[in-house]
file work21.pdb (PDB, C-alpha atoms and all ligand atoms)
ATOM      1  CA  MET A  74     117.175  87.150  67.791
ATOM      2  CA  ARG A  75     115.580  84.092  69.408
ATOM      3  CA  LEU A  76     113.735  84.834  72.681
ATOM      4  CA  ARG A  77     112.434  82.529  75.386
ATOM      5  CA  PHE A  78     109.063  83.673  76.704
ATOM      6  CA  SER A  79     106.136  82.611  78.880
ATOM      7  CA  LYS A  80     102.522  83.259  77.979
ATOM      8  CA  MET A  81     100.571  84.216  81.133
ATOM      9  CA  HIS A  82      97.278  85.825  82.025
ATOM     10  CA  GLY A  83      95.496  87.492  84.924
ATOM     11  CA  LEU A  84      91.750  86.863  84.462
ATOM     12  CA  GLY A  85      92.201  86.659  80.688
ATOM     13  CA  ASN A  86      94.243  89.903  80.402
ATOM     14  CA  ASP A  87      97.122  88.169  78.639
ATOM     15  CA  PHE A  88     100.857  88.785  78.536
ATOM     16  CA  VAL A  89     104.006  87.719  76.765
ATOM     17  CA  MET A  90     106.584  87.700  79.588
ATOM     18  CA  ILE A  91     110.251  87.994  78.671
ATOM     19  CA  ASP A  92     113.175  87.537  81.051
ATOM     20  CA  ALA A  93     115.829  90.074  80.018
ATOM     21  CA  ILE A  94     118.120  89.067  82.894
ATOM     22  CA  SER A  95     119.269  85.704  81.556
ATOM     23  CA  GLN A  96     119.037  86.621  77.849
ATOM     24  CA  LYS A  97     119.787  89.683  75.714
ATOM     25  CA  VAL A  98     116.611  91.470  74.616
ATOM     26  CA  ARG A  99     116.352  94.425  72.241
ATOM     27  CA  LEU A 100     112.744  95.409  71.537
ATOM     28  CA  ASN A 101     111.226  98.353  69.713
ATOM     29  CA  ALA A 102     107.582  99.267  69.093
ATOM     30  CA  ASP A 103     107.512  97.311  65.831
ATOM     31  CA  LYS A 104     108.776  94.100  67.478
ATOM     32  CA  VAL A 105     106.281  94.495  70.346
ATOM     33  CA  ARG A 106     103.423  94.794  67.816
ATOM     34  CA  LYS A 107     104.678  91.616  66.073
ATOM     35  CA  LEU A 108     104.789  89.647  69.360
ATOM     36  CA  ALA A 109     101.319  90.901  70.341
ATOM     37  CA  ASP A 110      99.676  90.158  66.983
ATOM     38  CA  ARG A 111      97.089  87.398  67.507
ATOM     39  CA  ARG A 112      97.409  86.063  63.950
ATOM     40  CA  PHE A 113     101.024  86.673  62.910
ATOM     41  CA  GLY A 114     102.610  86.572  66.396
ATOM     42  CA  ILE A 115     102.087  85.010  69.821
ATOM     43  CA  GLY A 116      99.197  87.303  70.723
ATOM     44  CA  CYS A 117      98.693  89.306  73.912
ATOM     45  CA  ASP A 118      97.317  92.539  75.366
ATOM     46  CA  GLN A 119     100.703  93.553  76.819
ATOM     47  CA  VAL A 120     104.374  92.527  76.574
ATOM     48  CA  LEU A 121     106.296  92.599  79.893
ATOM     49  CA  ILE A 122     110.094  92.698  80.079
ATOM     50  CA  VAL A 123     111.801  91.743  83.351
ATOM     51  CA  GLU A 124     115.146  93.463  83.971
ATOM     52  CA  GLU A 125     117.742  93.988  86.714
ATOM     53  CA  PRO A 126     116.746  96.994  88.887
ATOM     54  CA  SER A 127     118.569 100.321  88.752
ATOM     55  CA  ASN A 128     117.689 100.869  92.442
ATOM     56  CA  PRO A 129     119.591  98.558  94.863
ATOM     57  CA  ASP A 130     116.641  98.555  97.331
ATOM     58  CA  VAL A 131     114.352  96.679  94.955
ATOM     59  CA  ASP A 132     114.492  93.184  93.426
ATOM     60  CA  PHE A 133     113.633  93.801  89.775
ATOM     61  CA  ARG A 134     112.512  96.352  87.235
ATOM     62  CA  TYR A 135     109.860  95.616  84.675
ATOM     63  CA  ARG A 136     108.750  97.431  81.553
ATOM     64  CA  ILE A 137     105.271  97.252  80.101
ATOM     65  CA  TYR A 138     104.295  97.645  76.445
ATOM     66  CA  ASN A 139     100.745  97.761  75.108
ATOM     67  CA  ALA A 140      99.836  95.682  72.049
ATOM     68  CA  ASP A 141     100.090  98.863  69.917
ATOM     69  CA  GLY A 142     103.807  99.168  70.856
ATOM     70  CA  SER A 143     103.464 102.078  73.316
ATOM     71  CA  GLU A 144     105.431 101.823  76.571
ATOM     72  CA  VAL A 145     103.251 102.483  79.655
ATOM     73  CA  GLU A 146     103.674 103.224  83.335
ATOM     74  CA  ASN A 147     101.775 100.508  85.188
ATOM     75  CA  CYS A 148      99.832  97.254  84.807
ATOM     76  CA  GLY A 149      97.988  95.602  87.713
ATOM     77  CA  ASN A 150      97.338  92.144  86.243
ATOM     78  CA  GLY A 151     100.850  92.220  84.789
ATOM     79  CA  ALA A 152     102.317  92.903  88.247
ATOM     80  CA  ARG A 153     100.655  89.768  89.643
ATOM     81  CA  CYS A 154     101.837  87.644  86.689
ATOM     82  CA  PHE A 155     105.336  89.135  87.027
ATOM     83  CA  ALA A 156     105.515  87.899  90.674
ATOM     84  CA  ASN A 157     104.760  84.309  89.703
ATOM     85  CA  PHE A 158     106.962  84.514  86.583
ATOM     86  CA  VAL A 159     110.143  85.479  88.489
ATOM     87  CA  ARG A 160     109.500  82.745  91.081
ATOM     88  CA  GLU A 161     108.730  80.106  88.472
ATOM     89  CA  ARG A 162     111.898  81.062  86.497
ATOM     90  CA  LYS A 163     113.838  80.816  89.830
ATOM     91  CA  LEU A 164     114.996  84.432  89.537
ATOM     92  CA  THR A 165     113.901  84.834  93.183
ATOM     93  CA  GLY A 166     112.503  82.675  95.994
ATOM     94  CA  LYS A 167     111.022  85.656  97.854
ATOM     95  CA  GLN A 168     107.327  85.855  98.714
ATOM     96  CA  VAL A 169     107.391  89.636  99.049
ATOM     97  CA  ILE A 170     108.932  91.155  95.946
ATOM     98  CA  LYS A 171     109.723  94.814  95.277
ATOM     99  CA  VAL A 172     109.695  95.938  91.680
ATOM    100  CA  GLU A 173     110.484  99.215  89.952
ATOM    101  CA  THR A 174     108.099 100.340  87.207
ATOM    102  CA  ALA A 175     107.984 103.529  85.158
ATOM    103  CA  SER A 176     105.451 104.863  87.709
ATOM    104  CA  GLY A 177     107.311 103.939  90.923
ATOM    105  CA  ILE A 178     107.916 100.960  93.203
ATOM    106  CA  LEU A 179     105.295  98.232  93.743
ATOM    107  CA  GLU A 180     105.288  95.634  96.513
ATOM    108  CA  LEU A 181     103.936  92.214  95.575
ATOM    109  CA  HIS A 182     102.853  89.566  98.095
ATOM    110  CA  VAL A 183     102.643  86.005  96.816
ATOM    111  CA  LYS A 184      99.764  84.270  98.647
ATOM    112  CA  ARG A 185      98.458  80.703  98.669
ATOM    113  CA  GLY A 186      97.568  78.964  95.424
ATOM    114  CA  ASP A 187      97.561  81.275  92.430
ATOM    115  CA  GLN A 188      96.751  84.470  94.382
ATOM    116  CA  VAL A 189      98.981  87.558  94.478
ATOM    117  CA  GLN A 190      98.273  90.789  96.360
ATOM    118  CA  VAL A 191      99.753  94.024  95.045
ATOM    119  CA  ASP A 192     100.234  97.242  96.952
ATOM    120  CA  MET A 193      99.455  99.610  94.075
ATOM    121  CA  GLY A 194     100.330 102.820  95.955
ATOM    122  CA  LYS A 195      98.033 105.781  96.454
ATOM    123  CA  PRO A 196      95.794 107.045  93.654
ATOM    124  CA  ILE A 197      96.700 110.313  91.930
ATOM    125  CA  LEU A 198      93.804 112.739  91.600
ATOM    126  CA  ALA A 199      95.408 116.109  90.694
ATOM    127  CA  PRO A 200      94.369 116.720  87.049
ATOM    128  CA  ALA A 201      97.841 117.861  85.907
ATOM    129  CA  ASP A 202      99.405 114.641  87.236
ATOM    130  CA  ILE A 203      96.878 112.266  85.579
ATOM    131  CA  PRO A 204      97.271 114.087  83.055
ATOM    132  CA  PHE A 205      93.790 115.556  82.388
ATOM    133  CA  ASN A 206      92.924 119.074  81.230
ATOM    134  CA  SER A 207      90.935 120.714  84.025
ATOM    135  CA  GLN A 208      91.578 123.886  86.027
ATOM    136  CA  GLN A 209      90.236 122.331  89.242
ATOM    137  CA  GLN A 210      90.235 118.924  90.891
ATOM    138  CA  SER A 211      86.793 117.354  91.165
ATOM    139  CA  THR A 212      85.116 113.977  91.711
ATOM    140  CA  ILE A 213      83.066 114.245  88.523
ATOM    141  CA  TYR A 214      84.052 116.108  85.341
ATOM    142  CA  PRO A 215      81.934 116.829  82.253
ATOM    143  CA  LEU A 216      83.474 115.414  79.045
ATOM    144  CA  HIS A 217      82.043 116.576  75.718
ATOM    145  CA  ILE A 218      81.860 114.016  72.896
ATOM    146  CA  ASP A 219      79.824 114.397  69.683
ATOM    147  CA  GLY A 220      77.384 116.894  71.225
ATOM    148  CA  GLN A 221      76.892 114.629  74.259
ATOM    149  CA  THR A 222      78.141 115.468  77.777
ATOM    150  CA  LEU A 223      79.417 112.467  79.753
ATOM    151  CA  GLN A 224      80.092 112.554  83.497
ATOM    152  CA  ILE A 225      83.475 110.971  84.185
ATOM    153  CA  SER A 226      85.865 110.559  87.101
ATOM    154  CA  ALA A 227      89.584 110.867  86.341
ATOM    155  CA  VAL A 228      92.124 108.859  88.357
ATOM    156  CA  SER A 229      95.735 107.836  87.822
ATOM    157  CA  MET A 230      97.059 104.583  89.267
ATOM    158  CA  GLY A 231     100.414 105.476  87.748
ATOM    159  CA  ASN A 232      98.571 105.232  84.406
ATOM    160  CA  PRO A 233      95.525 107.345  83.445
ATOM    161  CA  HIS A 234      91.904 106.171  83.798
ATOM    162  CA  ALA A 235      88.497 107.701  83.045
ATOM    163  CA  VAL A 236      85.590 106.006  84.855
ATOM    164  CA  LEU A 237      81.905 106.230  83.872
ATOM    165  CA  VAL A 238      79.006 104.902  85.951
ATOM    166  CA  VAL A 239      76.532 102.941  83.793
ATOM    167  CA  ASP A 240      73.199 101.233  84.534
ATOM    168  CA  ASN A 241      74.094  98.014  82.745
ATOM    169  CA  CYS A 242      77.680  97.040  82.102
ATOM    170  CA  ALA A 243      76.802  94.317  79.572
ATOM    171  CA  ALA A 244      74.883  96.822  77.428
ATOM    172  CA  ALA A 245      77.367  99.730  77.815
ATOM    173  CA  PRO A 246      78.609 101.204  74.484
ATOM    174  CA  VAL A 247      82.237 100.206  75.195
ATOM    175  CA  GLU A 248      83.246  99.724  71.535
ATOM    176  CA  ARG A 249      81.799 103.115  70.495
ATOM    177  CA  LEU A 250      82.707 105.349  73.458
ATOM    178  CA  GLY A 251      85.942 103.554  74.456
ATOM    179  CA  PRO A 252      88.097 104.776  71.545
ATOM    180  CA  GLN A 253      86.464 108.230  71.547
ATOM    181  CA  ILE A 254      87.312 108.790  75.221
ATOM    182  CA  GLU A 255      90.729 107.081  74.903
ATOM    183  CA  ASN A 256      91.718 109.696  72.292
ATOM    184  CA  HIS A 257      89.864 112.709  73.747
ATOM    185  CA  PRO A 258      92.039 115.867  73.591
ATOM    186  CA  ASP A 259      91.460 116.496  77.334
ATOM    187  CA  PHE A 260      93.647 113.420  78.021
ATOM    188  CA  PRO A 261      96.959 114.433  76.419
ATOM    189  CA  ASN A 262      98.558 110.970  77.008
ATOM    190  CA  ARG A 263      95.347 109.120  76.007
ATOM    191  CA  VAL A 264      93.425 107.216  78.695
ATOM    192  CA  ASN A 265      92.048 103.802  79.764
ATOM    193  CA  VAL A 266      88.240 103.877  80.004
ATOM    194  CA  GLY A 267      86.227 101.994  82.654
ATOM    195  CA  PHE A 268      82.456 101.366  82.502
ATOM    196  CA  MET A 269      81.284 100.591  86.061
ATOM    197  CA  GLU A 270      77.890  99.234  87.167
ATOM    198  CA  VAL A 271      77.411  99.484  90.945
ATOM    199  CA  LEU A 272      75.625  96.366  92.266
ATOM    200  CA  SER A 273      75.992  97.206  95.977
ATOM    201  CA  ARG A 274      78.434  99.067  98.229
ATOM    202  CA  THR A 275      80.764  96.028  98.070
ATOM    203  CA  GLU A 276      80.375  94.762  94.496
ATOM    204  CA  ILE A 277      80.639  96.210  90.998
ATOM    205  CA  ASN A 278      80.674  94.974  87.411
ATOM    206  CA  LEU A 279      83.346  96.555  85.238
ATOM    207  CA  ARG A 280      84.424  96.564  81.582
ATOM    208  CA  VAL A 281      87.589  98.396  80.537
ATOM    209  CA  TYR A 282      88.559  99.713  77.120
ATOM    210  CA  GLU A 283      92.326  99.843  77.508
ATOM    211  CA  ARG A 284      94.572 102.473  75.993
ATOM    212  CA  GLY A 285      96.678 100.820  73.304
ATOM    213  CA  ALA A 286      94.958  97.413  73.549
ATOM    214  CA  GLY A 287      91.158  97.822  73.166
ATOM    215  CA  GLU A 288      88.659  96.095  75.442
ATOM    216  CA  THR A 289      90.383  93.423  77.563
ATOM    217  CA  LEU A 290      88.898  90.670  79.735
ATOM    218  CA  ALA A 291      90.256  92.377  82.860
ATOM    219  CA  CYS A 292      92.297  95.430  83.851
ATOM    220  CA  GLY A 293      93.898  95.564  87.308
ATOM    221  CA  THR A 294      94.677  99.276  87.383
ATOM    222  CA  GLY A 295      91.202  99.858  85.873
ATOM    223  CA  ALA A 296      89.615  97.930  88.773
ATOM    224  CA  CYS A 297      91.609 100.035  91.280
ATOM    225  CA  ALA A 298      90.641 103.295  89.517
ATOM    226  CA  ALA A 299      86.941 102.305  89.432
ATOM    227  CA  VAL A 300      86.902 101.566  93.174
ATOM    228  CA  VAL A 301      88.674 104.869  93.907
ATOM    229  CA  ALA A 302      86.113 106.714  91.734
ATOM    230  CA  GLY A 303      83.217 104.867  93.407
ATOM    231  CA  ARG A 304      84.581 105.637  96.898
ATOM    232  CA  LEU A 305      85.034 109.324  96.024
ATOM    233  CA  ARG A 306      81.397 109.418  94.828
ATOM    234  CA  ASP A 307      80.362 107.675  98.102
ATOM    235  CA  LEU A 308      78.926 104.701  96.220
ATOM    236  CA  LEU A 309      81.278 102.051  97.655
ATOM    237  CA  ASP A 310      82.787 100.746 100.904
ATOM    238  CA  SER A 311      86.498 100.141 101.421
ATOM    239  CA  THR A 312      86.589  96.503 100.236
ATOM    240  CA  VAL A 313      84.970  95.778  96.886
ATOM    241  CA  THR A 314      84.643  92.712  94.646
ATOM    242  CA  VAL A 315      85.133  93.803  91.047
ATOM    243  CA  ASN A 316      83.565  91.434  88.489
ATOM    244  CA  LEU A 317      85.339  91.747  85.148
ATOM    245  CA  PRO A 318      84.510  89.702  82.016
ATOM    246  CA  GLY A 319      87.455  87.353  82.844
ATOM    247  CA  GLY A 320      86.721  86.951  86.586
ATOM    248  CA  ALA A 321      86.863  88.802  89.907
ATOM    249  CA  LEU A 322      89.448  90.925  91.750
ATOM    250  CA  VAL A 323      89.220  92.181  95.320
ATOM    251  CA  ILE A 324      90.197  95.830  95.698
ATOM    252  CA  GLU A 325      90.714  97.558  99.036
ATOM    253  CA  TRP A 326      91.121 101.298  99.572
ATOM    254  CA  ALA A 327      90.700 103.018 102.950
ATOM    255  CA  GLY A 328      90.712 106.442 101.252
ATOM    256  CA  GLY A 329      93.009 109.492 101.328
ATOM    257  CA  ASP A 330      96.720 108.710 101.154
ATOM    258  CA  HIS A 331      96.233 105.013 101.910
ATOM    259  CA  PRO A 332      97.513 102.622  99.253
ATOM    260  CA  VAL A 333      95.123 100.700  97.028
ATOM    261  CA  ARG A 334      95.487  96.910  97.372
ATOM    262  CA  MET A 335      94.532  94.474  94.635
ATOM    263  CA  THR A 336      94.235  90.690  95.115
ATOM    264  CA  GLY A 337      93.643  88.181  92.346
ATOM    265  CA  PRO A 338      94.888  85.121  90.459
ATOM    266  CA  THR A 339      97.539  84.525  87.799
ATOM    267  CA  ALA A 340      98.056  81.636  85.389
ATOM    268  CA  GLN A 341     100.763  80.422  83.040
ATOM    269  CA  VAL A 342      99.460  79.054  79.732
ATOM    270  CA  PHE A 343     102.636  77.907  77.951
ATOM    271  CA  GLN A 344     106.341  78.606  77.402
ATOM    272  CA  GLY A 345     108.117  78.865  74.095
ATOM    273  CA  GLN A 346     110.763  80.441  71.900
ATOM    274  CA  VAL A 347     110.157  83.031  69.219
ATOM    275  CA  LYS A 348     112.430  84.354  66.446
ATOM    276  CA  LEU A 349     112.226  88.109  66.003
TER     277      LEU A 349
HETATM  278  N1  LIG B   1      96.019  95.591  81.684
HETATM  279  C1  LIG B   1      96.621  96.469  82.568
HETATM  280  C2  LIG B   1      96.917  97.868  82.139
HETATM  281  C3  LIG B   1      97.902  97.912  80.963
HETATM  282  C4  LIG B   1      98.313  99.308  80.548
HETATM  283  C5  LIG B   1      97.169 100.151  80.024
HETATM  284  N2  LIG B   1      96.604  99.650  78.805
HETATM  285  C6  LIG B   1      97.667 101.587  79.788
HETATM  286  O1  LIG B   1      97.885 101.981  78.634
HETATM  287  O2  LIG B   1      97.841 102.323  80.770
HETATM  288  C7  LIG B   1      96.237  96.303  84.028
HETATM  289  O3  LIG B   1      95.910  95.159  84.418
HETATM  290  O4  LIG B   1      96.336  97.251  84.796
END

call {"tool": "encode", "arguments": {"input": "work21.pdb", "output": "C-alpha cells", "more": "lines below"}}
Ligand SMILES: N[C@@H](CCC[C@H](N)C(=O)O)C(=O)O
result
Amino acid sequence: MRLRFSKMHGLGNDFVMIDAISQKVRLNADKVRKLADRRFGIGCDQVLIVEEPSNPDVDFRYRIYNADGSEVENCGNGARCFANFVRERKLTGKQVIKVETASGILELHVKRGDQVQVDMGKPILAPADIPFNSQQQSTIYPLHIDGQTLQISAVSMGNPHAVLVVDNCAAAPVERLGPQIENHPDFPNRVNVGFMEVLSRTEINLRVYERGAGETLACGTGACAAVVAGRLRDLLDSTVTVNLPGGALVIEWAGGDHPVRMTGPTAQVFQGQVKL
C-alpha cells in the first residue's frame, strides 16, 4: 500500500496526516507505530486519518492514533492541523468546519494567517467519565506513587488529563513522574500528565507527558485541561496564555458548562508518499 501524506505540526507537536477520502487506507497499530517511528519511519507524535463523516450534519470525521499505536479520543493541536490540511487538500473551502471525533463533534474556525480556533466543548470532571478512580468529585485528589503523595487535578477534554502544579516547569521531574502517573492504576485508560507553573492569573508555563507518545513540545488538550484545573483552583482568569516548549496557545474558559476555546498556529512541513 502506497499512501500520500502531509507532515504537519502545531507548536512542534507533530503529525502524519492521511487523507482517507481520496485514497484507500487500512491501518492497524503496527502500521501506525511504523509511520511514527523517528528512525525507521516518517516520525511523529500522532497519526491522523481524515474520513467521510457518518453524521450528515458534520463535514468530516477524523481518527487519532498515538505513536504507540493506540487510538485516542481527542487531539487539540491535531484538530487545528486537520482544519488547514482539509483546506489545503481542497477537500473543503469552508472557514468553519465541523468534525466528528471519537469524543464528539468539534467546531474549527480558520482565522487569519496560520491561526485556527477550536471550540473544544465543555470539560468533563465527573471521575467515572474521565475515567479516574475516586468516590467523589473534587478539585484536588491525592495520588500515591512510591510512598509519595502528589496533589493532582483530573480533567477530561474528551481524553484524560492529570494536572500537577509545580514551582518550576523547567526543573519538573517530567521524565520520572510522567510515565508513573500515565500508568497509575487509578487511571484505568492511562492518562496524559501536565506539569503547570502559574506565572500570573493570565499566564502559565506547561510541559505535558502525553499518554502513548511521551513528552511532546505542545499538547492542545493538555493546555485546555491545565487552564480548567487552574480555574477550578482559583489560580487563573478566563483567558490564559499557555507557554509550552514549542510555543504559546491562548485558552479561554468562562467556567461551568461553557466550552473551552483554544487558539494557536499550525504549519505544514512537507508532503510525501510512503509504502506500508
Ligand atoms: N497532542 C494532543 C493529544 C494527543 C492524544 C493524547 N496523547 C492522548 O493519548 O489522549 C493534543 O494536542 O491534544

call {"tool": "resolve_selection", "arguments": {"input": "work21.pdb", "expression": "the PyMOL selection byres (((not hetatm)) within 6 of (chain B and resi 1))", "output": "ChimeraX atom specification"}}
result
/A:139,145,147-151,232,283-286,292-295

call {"tool": "resolve_selection", "arguments": {"input": "work21.pdb", "expression": "the PyMOL selection byres (((chain A and resi 80) around 8) and not hetatm)", "output": "list of chain:residue names"}}
result
A:Phe78, A:Ser79, A:Met81, A:His82, A:Asp87, A:Phe88, A:Val89, A:Met90, A:Gln341, A:Val342, A:Phe343, A:Gln344

call {"tool": "closest_residue", "arguments": {"input": "work21.pdb", "among": "A:Gly186, A:Pro252, A:Pro338, A:Gly177", "to": "A:Val266", "atoms": "all atoms listed in the file"}}
result
A:Pro252

call {"tool": "atom_distance", "arguments": {"input": "work21.pdb", "atom1": "atom CA of A:Met335", "atom2": "atom CA of A:Arg274"}}
result
17.1 Å

call {"tool": "closest_residue", "arguments": {"input": "work21.pdb", "among": "A:Ala244, A:Thr212, A:Ala140, A:Gly85", "to": "A:Asp103", "atoms": "all atoms listed in the file"}}
result
A:Ala140

call {"tool": "atom_distance", "arguments": {"input": "work21.pdb", "atom1": "atom CA of A:Arg153", "atom2": "atom CA of A:Asp307"}}
result
28.4 Å

call {"tool": "resolve_selection", "arguments": {"input": "work21.pdb", "expression": "the PyMOL selection byres (((chain A and resi 215) around 12) and not hetatm)", "output": "mmCIF file with C-alpha atoms, keeping the file's coordinate frame"}}
result
data_model
loop_
_atom_site.group_PDB
_atom_site.id
_atom_site.type_symbol
_atom_site.label_atom_id
_atom_site.label_comp_id
_atom_site.auth_asym_id
_atom_site.auth_seq_id
_atom_site.Cartn_x
_atom_site.Cartn_y
_atom_site.Cartn_z
ATOM 1 C CA PHE A 205 93.790 115.556 82.388
ATOM 2 C CA ASN A 206 92.924 119.074 81.230
ATOM 3 C CA SER A 207 90.935 120.714 84.025
ATOM 4 C CA SER A 211 86.793 117.354 91.165
ATOM 5 C CA THR A 212 85.116 113.977 91.711
ATOM 6 C CA ILE A 213 83.066 114.245 88.523
ATOM 7 C CA TYR A 214 84.052 116.108 85.341
ATOM 8 C CA LEU A 216 83.474 115.414 79.045
ATOM 9 C CA HIS A 217 82.043 116.576 75.718
ATOM 10 C CA ILE A 218 81.860 114.016 72.896
ATOM 11 C CA GLY A 220 77.384 116.894 71.225
ATOM 12 C CA GLN A 221 76.892 114.629 74.259
ATOM 13 C CA THR A 222 78.141 115.468 77.777
ATOM 14 C CA LEU A 223 79.417 112.467 79.753
ATOM 15 C CA GLN A 224 80.092 112.554 83.497
ATOM 16 C CA ILE A 225 83.475 110.971 84.185
ATOM 17 C CA SER A 226 85.865 110.559 87.101
ATOM 18 C CA ALA A 227 89.584 110.867 86.341
ATOM 19 C CA ALA A 235 88.497 107.701 83.045
ATOM 20 C CA VAL A 236 85.590 106.006 84.855
ATOM 21 C CA LEU A 237 81.905 106.230 83.872
ATOM 22 C CA ILE A 254 87.312 108.790 75.221
ATOM 23 C CA ASP A 259 91.460 116.496 77.334
#

call {"tool": "closest_residue", "arguments": {"input": "work21.pdb", "among": "A:Ala156, A:Val98, A:Arg280, A:Asp92", "to": "A:Leu349", "atoms": "only C-alpha atoms"}}
result
A:Val98

call {"tool": "atom_distance", "arguments": {"input": "work21.pdb", "atom1": "atom CA of A:Asp219", "atom2": "atom CA of A:Asn256"}}
result
13.1 Å

call {"tool": "closest_residue", "arguments": {"input": "work21.pdb", "among": "A:Ile115, A:Ala93, A:Val264, A:Cys297", "to": "A:Ser311", "atoms": "all atoms listed in the file"}}
result
A:Cys297

call {"tool": "residues_around", "arguments": {"input": "work21.pdb", "residues": "A:Phe155", "least_positions_apart": "6", "cutoff": "12 Å", "atoms": "all atoms listed in the file", "output": "NGL selection string"}}
result
:A and (79-83 or 87-92 or 120-124 or 132-137 or 148-149 or 161-162 or 164-165 or 170-174 or 179-183 or 189-191 or 338-341)

call {"tool": "residues_around", "arguments": {"input": "work21.pdb", "residues": "A:Leu322", "least_positions_apart": "4", "cutoff": "8 Å", "atoms": "only C-alpha atoms", "output": "PyMOL selection string"}}
result
chain A and resi 293+296+314-317+335-337

call {"tool": "closest_residue", "arguments": {"input": "work21.pdb", "among": "A:Ile94, A:Val271, A:Ala321, A:Leu108", "to": "A:Gln346", "atoms": "only C-alpha atoms"}}
result
A:Leu108

call {"tool": "residues_around", "arguments": {"input": "work21.pdb", "residues": "A:Val238", "least_positions_apart": "4", "cutoff": "7 Å", "atoms": "all atoms listed in the file", "output": "compact mmCIF listing (two decimals) with C-alpha atoms, keeping the file's coordinate frame"}}
result
# COMPACT_ATOMS: atom_id res chain seq x y z
CA PHE A 268 82.46 101.37 82.50
CA MET A 269 81.28 100.59 86.06
CA GLU A 270 77.89 99.23 87.17

call {"tool": "closest_residue", "arguments": {"input": "work21.pdb", "among": "A:Pro196, A:Gly231, A:Asn157, A:Gln209", "to": "A:Lys184", "atoms": "all atoms listed in the file"}}
result
A:Asn157
